[in-house]
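What follows is the content of protein_35.txt, which has compact mmCIF, N, CA and C atoms and all ligand atoms:
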# COMPACT_ATOMS: atom_id res chain seq x y z
N MET A 279 0.83 -1.21 0.00
CA MET A 279 0.00 0.00 0.00
C MET A 279 0.87 1.26 0.00
N SER A 280 1.84 1.27 0.93
CA SER A 280 2.71 2.44 0.97
C SER A 280 3.63 2.46 -0.25
N LEU A 281 3.80 1.31 -0.85
CA LEU A 281 4.66 1.27 -2.04
C LEU A 281 4.06 2.08 -3.18
N ILE A 282 2.73 2.06 -3.29
CA ILE A 282 2.08 2.76 -4.39
C ILE A 282 2.17 4.28 -4.19
N SER A 283 1.99 4.72 -2.95
CA SER A 283 2.03 6.16 -2.71
C SER A 283 3.46 6.69 -2.86
N GLN A 284 4.44 5.81 -2.72
CA GLN A 284 5.81 6.25 -2.90
C GLN A 284 6.18 6.22 -4.39
N ALA A 285 5.53 7.05 -5.13
CA ALA A 285 5.76 7.05 -6.57
C ALA A 285 7.14 7.62 -6.89
N ASN A 286 7.65 7.23 -8.00
CA ASN A 286 8.94 7.73 -8.44
C ASN A 286 8.85 9.24 -8.67
N PRO A 287 9.64 10.04 -7.93
CA PRO A 287 9.53 11.50 -8.09
C PRO A 287 9.89 11.96 -9.49
N GLN A 288 10.66 11.16 -10.21
CA GLN A 288 11.05 11.57 -11.56
C GLN A 288 9.88 11.53 -12.53
N GLU A 289 8.85 10.76 -12.20
CA GLU A 289 7.73 10.65 -13.13
C GLU A 289 6.84 11.88 -13.08
N SER A 290 6.81 12.57 -11.93
CA SER A 290 5.93 13.72 -11.82
C SER A 290 6.58 14.98 -12.36
N THR A 291 7.91 15.00 -12.43
CA THR A 291 8.57 16.18 -12.96
C THR A 291 8.55 16.13 -14.49
N PRO A 292 8.32 17.28 -15.10
CA PRO A 292 8.30 17.30 -16.57
C PRO A 292 9.66 16.95 -17.15
N PRO A 293 9.68 16.30 -18.29
CA PRO A 293 10.96 15.93 -18.91
C PRO A 293 11.71 17.16 -19.39
N PRO A 294 13.02 17.07 -19.49
CA PRO A 294 13.80 18.21 -19.98
C PRO A 294 13.47 18.53 -21.42
N LYS A 295 13.49 19.81 -21.76
CA LYS A 295 13.13 20.22 -23.12
C LYS A 295 14.18 19.80 -24.13
N LEU A 296 15.41 19.71 -23.66
CA LEU A 296 16.48 19.32 -24.57
C LEU A 296 17.22 18.14 -23.98
N ARG A 297 17.70 17.28 -24.84
CA ARG A 297 18.57 16.22 -24.35
C ARG A 297 19.66 15.95 -25.38
N LEU A 298 20.79 15.52 -24.88
CA LEU A 298 21.94 15.34 -25.74
C LEU A 298 22.01 13.89 -26.20
N GLU A 299 22.03 13.72 -27.50
CA GLU A 299 22.21 12.38 -28.07
C GLU A 299 23.56 12.32 -28.75
N TRP A 300 23.93 11.15 -29.18
CA TRP A 300 25.26 10.98 -29.75
C TRP A 300 25.45 11.80 -31.01
N TYR A 301 24.35 12.08 -31.71
CA TYR A 301 24.49 12.80 -32.98
C TYR A 301 24.19 14.28 -32.83
N GLY A 302 23.71 14.69 -31.66
CA GLY A 302 23.40 16.10 -31.49
C GLY A 302 22.34 16.30 -30.43
N VAL A 303 21.70 17.46 -30.48
CA VAL A 303 20.72 17.82 -29.46
C VAL A 303 19.32 17.44 -29.95
N GLU A 304 18.54 16.88 -29.06
CA GLU A 304 17.15 16.59 -29.37
C GLU A 304 16.25 17.47 -28.55
N ARG A 305 15.10 17.81 -29.12
CA ARG A 305 14.15 18.66 -28.42
C ARG A 305 12.87 17.89 -28.18
N TYR A 306 12.28 18.15 -27.01
CA TYR A 306 11.06 17.43 -26.61
C TYR A 306 9.84 18.14 -27.16
N CYS A 307 8.95 17.37 -27.77
CA CYS A 307 7.68 17.93 -28.22
C CYS A 307 6.65 17.68 -27.14
N VAL A 308 6.03 18.74 -26.63
CA VAL A 308 5.10 18.58 -25.51
C VAL A 308 3.78 17.96 -25.97
N HIS A 309 3.56 17.91 -27.27
CA HIS A 309 2.30 17.36 -27.76
C HIS A 309 2.36 15.86 -27.97
N CYS A 310 3.31 15.38 -28.74
CA CYS A 310 3.41 13.92 -28.97
C CYS A 310 4.34 13.25 -27.96
N ARG A 311 4.99 14.06 -27.10
CA ARG A 311 5.86 13.54 -26.05
C ARG A 311 6.98 12.66 -26.61
N GLU A 312 7.56 13.16 -27.69
CA GLU A 312 8.69 12.46 -28.28
C GLU A 312 9.84 13.44 -28.42
N TYR A 313 11.04 12.90 -28.50
CA TYR A 313 12.20 13.75 -28.76
C TYR A 313 12.51 13.72 -30.25
N TRP A 314 12.77 14.89 -30.79
CA TRP A 314 13.13 15.02 -32.19
C TRP A 314 14.38 15.88 -32.29
N PRO A 315 15.16 15.71 -33.36
CA PRO A 315 16.36 16.56 -33.52
C PRO A 315 16.00 18.05 -33.48
N ALA A 316 16.73 18.80 -32.69
CA ALA A 316 16.42 20.22 -32.50
C ALA A 316 16.96 21.02 -33.67
N ASP A 317 16.30 20.88 -34.80
CA ASP A 317 16.69 21.73 -35.93
C ASP A 317 15.45 22.15 -36.71
N ASN A 318 15.70 22.95 -37.71
CA ASN A 318 14.61 23.60 -38.44
C ASN A 318 13.73 22.62 -39.20
N GLU A 319 14.22 21.41 -39.42
CA GLU A 319 13.42 20.44 -40.16
C GLU A 319 12.32 19.83 -39.31
N PHE A 320 12.55 19.75 -38.01
CA PHE A 320 11.59 19.11 -37.13
C PHE A 320 10.81 20.10 -36.29
N PHE A 321 11.39 21.30 -36.09
CA PHE A 321 10.71 22.30 -35.28
C PHE A 321 10.70 23.63 -36.01
N ARG A 322 9.57 24.28 -35.98
CA ARG A 322 9.45 25.59 -36.59
C ARG A 322 10.08 26.62 -35.64
N VAL A 323 10.78 27.58 -36.20
CA VAL A 323 11.35 28.65 -35.39
C VAL A 323 10.32 29.78 -35.32
N ARG A 324 9.98 30.16 -34.11
CA ARG A 324 8.99 31.21 -33.92
C ARG A 324 9.59 32.56 -34.29
N ALA A 325 8.83 33.32 -35.02
CA ALA A 325 9.36 34.59 -35.51
C ALA A 325 9.50 35.61 -34.38
N ASP A 326 8.68 35.49 -33.34
CA ASP A 326 8.69 36.54 -32.31
C ASP A 326 9.93 36.49 -31.42
N ASP A 327 10.42 35.28 -31.06
CA ASP A 327 11.59 35.25 -30.18
C ASP A 327 12.75 34.42 -30.75
N GLY A 328 12.57 33.87 -31.94
CA GLY A 328 13.67 33.14 -32.57
C GLY A 328 13.95 31.79 -31.96
N LYS A 329 13.04 31.30 -31.10
CA LYS A 329 13.25 29.99 -30.47
C LYS A 329 12.41 28.94 -31.19
N PHE A 330 12.78 27.69 -30.95
CA PHE A 330 12.00 26.61 -31.55
C PHE A 330 10.64 26.52 -30.87
N SER A 331 9.65 26.16 -31.66
CA SER A 331 8.32 25.96 -31.11
C SER A 331 8.32 24.76 -30.17
N SER A 332 7.39 24.72 -29.20
CA SER A 332 7.37 23.60 -28.26
C SER A 332 6.67 22.39 -28.86
N TRP A 333 6.04 22.57 -30.00
CA TRP A 333 5.45 21.44 -30.72
C TRP A 333 6.31 21.15 -31.95
N CYS A 334 6.43 19.87 -32.31
CA CYS A 334 7.15 19.55 -33.53
C CYS A 334 6.29 19.92 -34.75
N ARG A 335 6.89 19.95 -35.89
CA ARG A 335 6.16 20.35 -37.10
C ARG A 335 4.98 19.43 -37.38
N ALA A 336 5.17 18.13 -37.17
CA ALA A 336 4.10 17.17 -37.44
C ALA A 336 2.87 17.48 -36.58
N CYS A 337 3.09 17.80 -35.31
CA CYS A 337 1.97 18.09 -34.42
C CYS A 337 1.31 19.40 -34.80
N GLU A 338 2.10 20.39 -35.16
CA GLU A 338 1.51 21.67 -35.57
C GLU A 338 0.68 21.48 -36.83
N TYR A 339 1.20 20.68 -37.73
CA TYR A 339 0.49 20.43 -38.98
C TYR A 339 -0.83 19.73 -38.70
N GLU A 340 -0.77 18.74 -37.81
CA GLU A 340 -1.97 18.00 -37.46
C GLU A 340 -3.00 18.91 -36.80
N ALA A 341 -2.53 19.72 -35.86
CA ALA A 341 -3.44 20.60 -35.14
C ALA A 341 -4.12 21.57 -36.09
N ARG A 342 -3.35 22.04 -37.05
CA ARG A 342 -3.92 22.98 -38.02
C ARG A 342 -5.01 22.29 -38.84
N ASN A 343 -4.70 21.08 -39.27
CA ASN A 343 -5.69 20.34 -40.06
C ASN A 343 -6.94 20.04 -39.25
N ASN A 344 -6.74 19.64 -37.99
CA ASN A 344 -7.89 19.33 -37.16
C ASN A 344 -8.76 20.55 -36.93
N LYS A 345 -8.12 21.68 -36.68
CA LYS A 345 -8.86 22.91 -36.47
C LYS A 345 -9.73 23.21 -37.68
N ARG A 346 -9.11 23.07 -38.85
CA ARG A 346 -9.83 23.37 -40.06
C ARG A 346 -11.03 22.43 -40.20
N ARG A 347 -10.78 21.15 -39.87
CA ARG A 347 -11.83 20.16 -40.04
C ARG A 347 -12.97 20.45 -39.05
N VAL A 348 -12.61 20.85 -37.81
CA VAL A 348 -13.65 21.11 -36.80
C VAL A 348 -14.46 22.35 -37.19
N LYS A 349 -13.76 23.33 -37.74
CA LYS A 349 -14.43 24.59 -38.08
C LYS A 349 -15.49 24.37 -39.16
N ARG A 350 -15.15 23.53 -40.13
CA ARG A 350 -16.12 23.34 -41.22
C ARG A 350 -17.16 22.31 -40.85
ZN ZN B 1 5.04 16.39 -31.78
Can the structure from this file be put into structure tokens for me?
Ligand SMILES: [Zn+2]
Amino acid sequence: MSLISQANPQESTPPPKLRLEWYGVERYCVHCREYWPADNEFFRVRADDGKFSSWCRACEYEARNNKRRVKR
């Protein structure tokens, strides 16, 4: 019983936005919860602050399509 309440503290903390892989830096997508290479091919650069978006391109594309579909 007490084992269940003693949850792993690492599970409740959000994952790091960036992680280092052998080939380079990966960025975490908060939508699909996957790591993707932190470059312009996988993440859109926001024009307002020059940083990578927190969603990967695939998720942004999907969200845009879904919005359009819901609207119509
Ligand atoms: Zn994603």
Got a sec to check which residues lie within 6 Å of ligand ZN 1 (chain B), using only C-alpha atoms and all ligand atoms, and send them as a ChimeraX atom specification? /A:307,309-310,333-334,336-337
Give the padded box for stretch 305-316 of chain A as lines of an AutoDock Vina configuration file: axis-aligned, covering all atoms listed in the file, 4 Å on each side, centre and edge lengths in Å to one decimal.
center_x = 9.6
center_y = 16.7
center_z = -29.6
size_x = 22.7
size_y = 16.6
size_z = 16.2
For the atom pair atom N of A:Val303 and atom N of A:Ser290, what is the interatomic distance in Å to one decimal place? 24.3 Å
What's the separation between atom C of A:Trp300 and atom CA of A:Pro315, in Å to one decimal place?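 It comes out at 10.6 Å.
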In Å, with one decimal, what is the gap from atom C of A:Glu299 to atom CA of A:Glu338? 24.9 Å
Smallest atom-to-atom distance to A:Tyr306: which of A:Ser332, A:Glu319, A:Pro292, A:Arg324, using only C-alpha atoms?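 Closest candidate: A:Ser332.
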I need the alpha helix (DSSP H) residues of stretch 287-327 of chain A per DSSP on the backbone, written as number ranges by chain. A: 287-290
